[in-house]
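K.L.:
Take a look at the following structure, please.
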Amino acid sequence: MSASAHPFRLTAASAADGVLYAELSGELAWDSTDELLDEVRALLDSALGLSDLRLDCARTTLCDSMGLSALLALRRDTEAVGVRLHLDRRPPFLDRMLLLTGTYEHLTGMPETAGSDGETPSGAPDGPRLPGL
């Protein structure tokens with residue numbers, strides 16, 4: 001098996017306002033989901049007074065079914081500790097996947113508003129960037 005052309009990476013920085021910012025880049029796939037879950041869970045365990053986790057997805061190049069499963073697990077983990085999960089700056093392919101699987105509203109908190117042509121909701125990639133990047 002060859003190495004991914006877009007290896008997964010997570011970069012995180014917390015802000016003084018109780019928000020943990022994390023940027024995802026590369027492929028969120030079967031071989032990177034454990035890394036994502038382990039790193040985010042460690043961040044959640046160590047952050048005091050955290051109210052929100054904002055995942056910047058703009059540099060994500062792929063999300064397969066295991067990636068979606070990891071995002072759903074993160075949603076459960078954050079909800080269990082009273083932290084709101086935000087998927088910011090989602091690429092169109094990620095919105096399409098969320099819409100097709102019926103997980104869009106659950107993971108974004110926004111109603112499914114895709115057009116009949118399958119286009120993703122307008123404004124979906126909005127959201128703050130990781131501080132300092």
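Ligands are numbered from 1 in the order shown, residues from 1 within each chain, and chains are lettered A, B, ... in the order they appear in the structure tokens.
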Neighbouring residues of Val40 (chain A) were defined as those with any atom within 9 Å, considering only C-alpha atoms; residues of the same chain fewer than 6 positions away were excluded. Please report them as a PDB file with C-alpha atoms, in the first residue's frame.
P.N.:
```
ATOM      1  CA  LEU A  10      -4.373  18.234  12.883  1.00  0.00           C
ATOM      2  CA  ALA A  12      -4.795  23.037  17.239  1.00  0.00           C
ATOM      3  CA  ALA A  22      -8.314  22.982  15.172  1.00  0.00           C
ATOM      4  CA  LEU A  74     -16.478  13.585  17.922  1.00  0.00           C
TER       5      LEU A  74
END
```
K.L.:
Can you pull out every residue within 8 Å of Pro91 (chain A), counting only C-alpha atoms, but drop anything in the same chain fewer than 5 positions away, and send it as a PyMOL selection string?
P.N.:
chain A and resi 57-60+125
K.L.:
What's the separation between CA of Leu94 (chain A) and CA of Leu50 (chain A), in Å to one decimal place?
P.N.:
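Going from CA of Leu94 (chain A) over to CA of Leu50 (chain A) covers 25.9 Å.
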K.L.:
Can you pull out every residue within 8 Å of Thr61 (chain A), counting only C-alpha atoms, but drop anything in the same chain fewer than 5 positions away, and send it as an NGL selection string?
P.N.:
:A and (6 or 25-28)
K.L.:
Generate the output file for the selected residues, all heavy atoms, as a PDB file, in the first residue's frame.
P.N.:
```
ATOM      1  N   HIS A   6      -1.949  13.070   0.334  1.00  0.00           N
ATOM      2  CA  HIS A   6      -2.372  14.154   1.219  1.00  0.00           C
ATOM      3  C   HIS A   6      -2.499  13.606   2.633  1.00  0.00           C
ATOM      4  O   HIS A   6      -3.602  13.340   3.103  1.00  0.00           O
ATOM      5  CB  HIS A   6      -3.719  14.732   0.765  1.00  0.00           C
ATOM      6  CG  HIS A   6      -3.718  15.224  -0.636  1.00  0.00           C
ATOM      7  ND1 HIS A   6      -3.220  16.452  -0.983  1.00  0.00           N
ATOM      8  CD2 HIS A   6      -4.130  14.640  -1.781  1.00  0.00           C
ATOM      9  CE1 HIS A   6      -3.334  16.611  -2.284  1.00  0.00           C
ATOM     10  NE2 HIS A   6      -3.881  15.533  -2.791  1.00  0.00           N
ATOM     11  N   SER A  25      -6.235  18.903   7.911  1.00  0.00           N
ATOM     12  CA  SER A  25      -5.730  18.952   6.541  1.00  0.00           C
ATOM     13  C   SER A  25      -5.432  17.537   6.086  1.00  0.00           C
ATOM     14  O   SER A  25      -5.145  16.652   6.889  1.00  0.00           O
ATOM     15  CB  SER A  25      -4.489  19.850   6.437  1.00  0.00           C
ATOM     16  OG  SER A  25      -3.458  19.377   7.259  1.00  0.00           O
ATOM     17  N   GLY A  26      -5.531  17.338   4.782  1.00  0.00           N
ATOM     18  CA  GLY A  26      -5.277  16.028   4.206  1.00  0.00           C
ATOM     19  C   GLY A  26      -6.509  15.143   4.200  1.00  0.00           C
ATOM     20  O   GLY A  26      -7.645  15.618   4.237  1.00  0.00           O
ATOM     21  N   GLU A  27      -6.258  13.856   4.170  1.00  0.00           N
ATOM     22  CA  GLU A  27      -7.320  12.863   4.029  1.00  0.00           C
ATOM     23  C   GLU A  27      -7.822  12.373   5.374  1.00  0.00           C
ATOM     24  O   GLU A  27      -7.053  11.849   6.175  1.00  0.00           O
ATOM     25  CB  GLU A  27      -6.814  11.674   3.209  1.00  0.00           C
ATOM     26  CG  GLU A  27      -6.433  12.052   1.798  1.00  0.00           C
ATOM     27  CD  GLU A  27      -5.893  10.899   0.979  1.00  0.00           C
ATOM     28  OE1 GLU A  27      -5.748   9.766   1.505  1.00  0.00           O
ATOM     29  OE2 GLU A  27      -5.614  11.127  -0.211  1.00  0.00           O
ATOM     30  N   LEU A  28      -9.111  12.557   5.595  1.00  0.00           N
ATOM     31  CA  LEU A  28      -9.762  12.014   6.781  1.00  0.00           C
ATOM     32  C   LEU A  28     -10.355  10.672   6.352  1.00  0.00           C
ATOM     33  O   LEU A  28     -11.475  10.591   5.862  1.00  0.00           O
ATOM     34  CB  LEU A  28     -10.837  12.976   7.285  1.00  0.00           C
ATOM     35  CG  LEU A  28     -11.539  12.619   8.584  1.00  0.00           C
ATOM     36  CD1 LEU A  28     -10.555  12.322   9.690  1.00  0.00           C
ATOM     37  CD2 LEU A  28     -12.486  13.719   8.986  1.00  0.00           C
TER      38      LEU A  28
END
```
K.L.:
Pick from A:Arg84, A:Arg90, A:Arg9, A:Arg96: nearest to Leu44 (chain A), with only C-alpha atoms counted?
P.N.:
A:Arg84
K.L.:
Using only C-alpha atoms, which of A:Arg41, A:Arg54, A:Arg75, A:Arg89 sits nearest Gly18 (chain A)?
P.N.:
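The closest residue to Gly18 (chain A) is A:Arg54.
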K.L.:
Here is a test: counting only C-alpha atoms, which residue of A:Trp30, A:Leu68, A:Tyr104, A:Val83 is nearest to Leu43 (chain A)?
P.N.:
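Checking each of A:Trp30, A:Leu68, A:Tyr104, A:Val83 against Leu43 (chain A), counting only C-alpha atoms, the winner is A:Val83.
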K.L.:
I'd like to know which residues of region 4-130 of chain A are helix (DSSP H, G or I) (by DSSP, run on the backbone); could you write them as a PyMOL selection string?
P.N.:
chain A and resi 33-46+65-80+92-101+104-108
